[in-house]
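Here's the structure we're looking at; comments come further down.
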Amino acid sequence: MRIRKATKEDSSIISEHLFLAMEDILYEFIGIKDAKVAKEFLRYFIERESNQYSYQNCLVAESEDGIEGSINIYDGGKLHEFRNPVIQYIRKHFDAEFTPNDETQQGEYYIDSFGVNANKQGRGIGTKLLQYVIHKYDSKQQTLGLLVDEDKPKAEKLYLNLGFKLVGRKVLAGKKMKHLQRKPTGIR
């Protein structure tokens with residue numbers, strides 16, 4: 001398995017992976033419970049530069065079978081800059097009043113979402129993606145952050161086993177979330 005920076009050409013498969021992780025949140029963002037519309041919305045932004053979902057902020061896990069998993073990560077200090085195009089699009093096309101809560105902040109690289117092909121789940125691909133990101137950002141002495149749904153204890157257990165710690169709670173798209181962070185080795 002090889003993990004690499006995503007390219008624009010990977011956008012279609014990345015949208016499928018991230019949709020698996022963000023389905024309920026996407027429906028809340030666009031105000032429509034329609035998988036096709038939500039995936040098209042996500043792909044629109046993944047294909048474009050300079051936004052939170054851009055392929056520029058994604059890594060993919062690839063095997064001889066193709067891309068099996070994707071992870072979306074960016075500098076939390078750039079949330080407003082990266083999110084603004086998304087907010088403007090949603091306000092224009094879906095909900096004029098859309099104003100999401102901040103999910104990250106300055107001082108952490110934020111794992112926005114990640115997903116693995118439905119038929120490849122349970123094989124450690126997600127763990128390998130997370131371990132790759134942990135190693136990469138640990139070597140740069142960068143703190144990692146993410147939100148995990150309070151209703152997903154298995155996901156939370158994975159993160160805790162990889163060294164993430166609870167630092168707070170947030171609400172995103174009406175969902176109660178736990179804010180976890182992983183400090184670089186040597187900084188606790």
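By convention here, the chains of the structure tokens are called A, B, ... in the order presented, each chain's residues are numbered starting at 1, and ligands are numbered starting at 1 in the order presented.
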DSSP on the backbone, then: every residue of chain A marked strand (DSSP E), written as a VMD selection string.
chain A and resid 2 to 5 58 to 63 66 to 75 109 to 116 144 to 149 165 to 172 175 to 182
Write out as JSON, numbers by chain the residues lying within 7 Å of Gly77 of chain A, counting only C-alpha atoms and excluding same-chain residues fewer than 5 positions away.
{"A": [105, 106, 107]}
Dump C-alpha atoms for the selected residues as an mmCIF file, in the first residue's frame?
data_model
loop_
_atom_site.group_PDB
_atom_site.id
_atom_site.type_symbol
_atom_site.label_atom_id
_atom_site.label_comp_id
_atom_site.auth_asym_id
_atom_site.auth_seq_id
_atom_site.Cartn_x
_atom_site.Cartn_y
_atom_site.Cartn_z
ATOM 1 C CA GLN A 105 -8.662 26.372 15.140
ATOM 2 C CA GLN A 106 -5.157 27.774 14.980
ATOM 3 C CA GLY A 107 -2.530 25.422 16.361
#
Excluding Thr127 of chain A and residues on its chain fewer than 3 positions from it, collect all residues at most 12 Å away from it, counting only C-alpha atoms, and give them as an NGL selection string.
:A and (61 or 69-71 or 114-116 or 121-124 or 130-134 or 155 or 157-162)
Those residues you just picked out, can you put them in a file as an mmCIF file, in the first residue's frame with N, CA and C atoms?
data_model
loop_
_atom_site.group_PDB
_atom_site.id
_atom_site.type_symbol
_atom_site.label_atom_id
_atom_site.label_comp_id
_atom_site.auth_asym_id
_atom_site.auth_seq_id
_atom_site.Cartn_x
_atom_site.Cartn_y
_atom_site.Cartn_z
ATOM 1 N N ALA A 61 -4.705 6.360 -0.137
ATOM 2 C CA ALA A 61 -4.032 5.077 0.044
ATOM 3 C C ALA A 61 -4.336 4.243 -1.193
ATOM 4 N N GLY A 69 -8.556 4.277 0.050
ATOM 5 C CA GLY A 69 -8.934 5.160 1.147
ATOM 6 C C GLY A 69 -8.426 6.570 0.906
ATOM 7 N N SER A 70 -9.063 7.526 1.556
ATOM 8 C CA SER A 70 -8.703 8.936 1.413
ATOM 9 C C SER A 70 -8.815 9.623 2.765
ATOM 10 N N ILE A 71 -7.961 10.621 2.960
ATOM 11 C CA ILE A 71 -8.001 11.418 4.182
ATOM 12 C C ILE A 71 -7.856 12.890 3.804
ATOM 13 N N PHE A 114 -12.076 11.174 6.788
ATOM 14 C CA PHE A 114 -11.404 10.154 5.992
ATOM 15 C C PHE A 114 -12.327 8.966 5.857
ATOM 16 N N GLY A 115 -12.125 8.248 4.770
ATOM 17 C CA GLY A 115 -12.961 7.087 4.521
ATOM 18 C C GLY A 115 -12.236 6.050 3.694
ATOM 19 N N VAL A 116 -12.781 4.859 3.723
ATOM 20 C CA VAL A 116 -12.216 3.708 3.026
ATOM 21 C C VAL A 116 -13.322 3.077 2.191
ATOM 22 N N GLN A 121 -13.258 -2.084 3.947
ATOM 23 C CA GLN A 121 -13.230 -1.698 5.354
ATOM 24 C C GLN A 121 -12.901 -2.898 6.232
ATOM 25 N N GLY A 122 -12.307 -2.602 7.388
ATOM 26 C CA GLY A 122 -11.943 -3.665 8.320
ATOM 27 C C GLY A 122 -10.620 -4.323 8.012
ATOM 28 N N ARG A 123 -9.863 -3.764 7.081
ATOM 29 C CA ARG A 123 -8.573 -4.349 6.702
ATOM 30 C C ARG A 123 -7.388 -3.494 7.149
ATOM 31 N N GLY A 124 -7.647 -2.476 7.958
ATOM 32 C CA GLY A 124 -6.562 -1.652 8.484
ATOM 33 C C GLY A 124 -6.143 -0.491 7.607
ATOM 34 N N LEU A 130 -4.132 6.944 9.029
ATOM 35 C CA LEU A 130 -3.936 7.736 10.245
ATOM 36 C C LEU A 130 -2.498 7.640 10.746
ATOM 37 N N GLN A 131 -1.919 6.451 10.734
ATOM 38 C CA GLN A 131 -0.534 6.291 11.180
ATOM 39 C C GLN A 131 0.421 7.086 10.288
ATOM 40 N N TYR A 132 0.168 7.109 8.998
ATOM 41 C CA TYR A 132 0.988 7.887 8.078
ATOM 42 C C TYR A 132 0.917 9.373 8.433
ATOM 43 N N VAL A 133 -0.296 9.872 8.638
ATOM 44 C CA VAL A 133 -0.488 11.288 8.975
ATOM 45 C C VAL A 133 0.162 11.599 10.323
ATOM 46 N N ILE A 134 -0.004 10.719 11.296
ATOM 47 C CA ILE A 134 0.604 10.923 12.609
ATOM 48 C C ILE A 134 2.118 11.029 12.474
ATOM 49 N N ALA A 155 -14.903 4.308 16.621
ATOM 50 C CA ALA A 155 -13.991 5.264 15.990
ATOM 51 C C ALA A 155 -13.176 5.984 17.061
ATOM 52 N N LYS A 157 -12.347 4.918 19.989
ATOM 53 C CA LYS A 157 -11.369 3.980 20.544
ATOM 54 C C LYS A 157 -10.139 3.891 19.646
ATOM 55 N N LEU A 158 -10.342 3.854 18.329
ATOM 56 C CA LEU A 158 -9.219 3.824 17.387
ATOM 57 C C LEU A 158 -8.336 5.052 17.600
ATOM 58 N N TYR A 159 -8.945 6.231 17.653
ATOM 59 C CA TYR A 159 -8.178 7.465 17.820
ATOM 60 C C TYR A 159 -7.429 7.483 19.148
ATOM 61 N N LEU A 160 -8.104 7.067 20.209
ATOM 62 C CA LEU A 160 -7.458 7.051 21.521
ATOM 63 C C LEU A 160 -6.279 6.074 21.531
ATOM 64 N N ASN A 161 -6.444 4.932 20.876
ATOM 65 C CA ASN A 161 -5.356 3.949 20.784
ATOM 66 C C ASN A 161 -4.168 4.483 19.989
ATOM 67 N N LEU A 162 -4.411 5.462 19.119
ATOM 68 C CA LEU A 162 -3.339 6.058 18.318
ATOM 69 C C LEU A 162 -2.753 7.310 18.990
#
Can you list, as a PyMOL selection string, every protein, DNA or RNA residue that comes within 10 Å of segment 12-21 of chain A when you count only C-alpha atoms, leaving out same-chain residues fewer than 5 positions away?
chain A and resi 6-7+26+35+38-47+53-55+58-60+66-72+112-118
For N, CA, C and O atoms, I'd like the residues from the last selection saved as a compact mmCIF listing (two decimals), in the first residue's frame.
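Now in again-v6.txt:
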# COMPACT_ATOMS: atom_id res chain seq x y z
N ALA A 6 -3.03 13.47 -3.10
CA ALA A 6 -4.09 13.30 -4.09
C ALA A 6 -3.87 14.24 -5.26
O ALA A 6 -3.20 15.28 -5.14
N THR A 7 -4.44 13.88 -6.39
CA THR A 7 -4.45 14.73 -7.57
C THR A 7 -5.91 15.04 -7.92
O THR A 7 -6.83 14.38 -7.43
N LEU A 26 -23.12 16.27 5.61
CA LEU A 26 -23.39 16.84 4.28
C LEU A 26 -24.87 17.12 4.09
O LEU A 26 -25.25 18.17 3.57
N ALA A 35 -28.19 11.40 -1.51
CA ALA A 35 -26.80 10.97 -1.64
C ALA A 35 -26.17 11.48 -2.93
O ALA A 35 -25.02 11.93 -2.92
N ALA A 38 -25.44 15.20 -2.57
CA ALA A 38 -24.37 15.40 -1.58
C ALA A 38 -23.01 15.02 -2.16
O ALA A 38 -22.02 15.74 -1.96
N LYS A 39 -22.94 13.91 -2.89
CA LYS A 39 -21.67 13.49 -3.50
C LYS A 39 -21.24 14.47 -4.59
O LYS A 39 -20.04 14.78 -4.71
N GLU A 40 -22.19 14.97 -5.38
CA GLU A 40 -21.86 15.96 -6.40
C GLU A 40 -21.34 17.24 -5.77
O GLU A 40 -20.38 17.84 -6.26
N PHE A 41 -21.96 17.67 -4.67
CA PHE A 41 -21.52 18.84 -3.93
C PHE A 41 -20.07 18.64 -3.45
O PHE A 41 -19.21 19.49 -3.65
N LEU A 42 -19.81 17.50 -2.84
CA LEU A 42 -18.48 17.21 -2.32
C LEU A 42 -17.45 17.14 -3.44
O LEU A 42 -16.37 17.74 -3.35
N ARG A 43 -17.80 16.46 -4.52
CA ARG A 43 -16.86 16.35 -5.65
C ARG A 43 -16.56 17.72 -6.25
O ARG A 43 -15.42 17.99 -6.63
N TYR A 44 -17.56 18.58 -6.33
CA TYR A 44 -17.37 19.93 -6.86
C TYR A 44 -16.22 20.61 -6.12
O TYR A 44 -15.34 21.23 -6.74
N PHE A 45 -16.20 20.50 -4.79
CA PHE A 45 -15.15 21.17 -4.02
C PHE A 45 -13.84 20.40 -4.02
O PHE A 45 -12.77 21.02 -4.02
N ILE A 46 -13.88 19.09 -4.04
CA ILE A 46 -12.64 18.32 -4.08
C ILE A 46 -11.88 18.63 -5.37
O ILE A 46 -10.65 18.75 -5.35
N GLU A 47 -12.57 18.82 -6.46
CA GLU A 47 -11.93 19.11 -7.75
C GLU A 47 -11.30 20.50 -7.82
O GLU A 47 -10.50 20.77 -8.69
N TYR A 53 -12.11 21.09 1.30
CA TYR A 53 -12.22 19.73 0.77
C TYR A 53 -11.35 19.47 -0.46
O TYR A 53 -11.33 18.37 -0.99
N SER A 54 -10.60 20.47 -0.89
CA SER A 54 -9.79 20.37 -2.10
C SER A 54 -8.88 19.15 -2.10
O SER A 54 -8.34 18.77 -1.06
N TYR A 55 -8.68 18.59 -3.28
CA TYR A 55 -7.73 17.49 -3.45
C TYR A 55 -6.35 17.90 -2.91
O TYR A 55 -5.56 17.05 -2.49
N CYS A 58 -5.79 16.54 0.51
CA CYS A 58 -6.10 15.11 0.66
C CYS A 58 -4.90 14.24 0.37
O CYS A 58 -4.03 14.58 -0.44
N LEU A 59 -4.89 13.10 1.03
CA LEU A 59 -3.96 12.01 0.75
C LEU A 59 -4.79 10.80 0.40
O LEU A 59 -5.93 10.66 0.88
N VAL A 60 -4.24 9.91 -0.42
CA VAL A 60 -4.94 8.68 -0.77
C VAL A 60 -4.05 7.46 -0.50
O VAL A 60 -2.83 7.55 -0.60
N GLY A 66 -6.18 -0.13 -6.84
CA GLY A 66 -6.60 1.25 -7.01
C GLY A 66 -6.61 1.99 -5.67
O GLY A 66 -6.05 1.52 -4.68
N ILE A 67 -7.27 3.12 -5.65
CA ILE A 67 -7.35 3.94 -4.44
C ILE A 67 -8.38 3.31 -3.50
O ILE A 67 -9.53 3.14 -3.86
N GLU A 68 -7.93 2.99 -2.30
CA GLU A 68 -8.79 2.28 -1.34
C GLU A 68 -9.25 3.16 -0.19
O GLU A 68 -10.21 2.82 0.50
N GLY A 69 -8.56 4.28 0.05
CA GLY A 69 -8.93 5.16 1.15
C GLY A 69 -8.43 6.57 0.91
O GLY A 69 -7.49 6.77 0.14
N SER A 70 -9.06 7.53 1.56
CA SER A 70 -8.70 8.94 1.41
C SER A 70 -8.82 9.62 2.77
O SER A 70 -9.66 9.27 3.58
N ILE A 71 -7.96 10.62 2.96
CA ILE A 71 -8.00 11.42 4.18
C ILE A 71 -7.86 12.89 3.80
O ILE A 71 -7.08 13.23 2.91
N ASN A 72 -8.65 13.74 4.45
CA ASN A 72 -8.68 15.17 4.20
C ASN A 72 -8.13 15.87 5.43
O ASN A 72 -8.67 15.71 6.53
N ASP A 112 -10.18 16.53 8.78
CA ASP A 112 -11.59 16.87 8.55
C ASP A 112 -12.40 15.59 8.40
O ASP A 112 -13.46 15.45 9.01
N SER A 113 -11.93 14.69 7.58
CA SER A 113 -12.63 13.42 7.39
C SER A 113 -11.73 12.43 6.66
O SER A 113 -10.75 12.82 6.03
N PHE A 114 -12.08 11.17 6.79
CA PHE A 114 -11.40 10.15 5.99
C PHE A 114 -12.33 8.97 5.86
O PHE A 114 -13.22 8.75 6.66
N GLY A 115 -12.12 8.25 4.77
CA GLY A 115 -12.96 7.09 4.52
C GLY A 115 -12.24 6.05 3.69
O GLY A 115 -11.23 6.34 3.06
N VAL A 116 -12.78 4.86 3.72
CA VAL A 116 -12.22 3.71 3.03
C VAL A 116 -13.32 3.08 2.19
O VAL A 116 -14.48 3.03 2.63
N ASN A 117 -12.97 2.58 1.00
CA ASN A 117 -13.94 1.88 0.17
C ASN A 117 -14.77 0.93 1.03
O ASN A 117 -14.21 0.21 1.86
N ALA A 118 -16.07 0.92 0.81
CA ALA A 118 -16.96 0.09 1.62
C ALA A 118 -16.54 -1.39 1.59
O ALA A 118 -16.60 -2.07 2.61
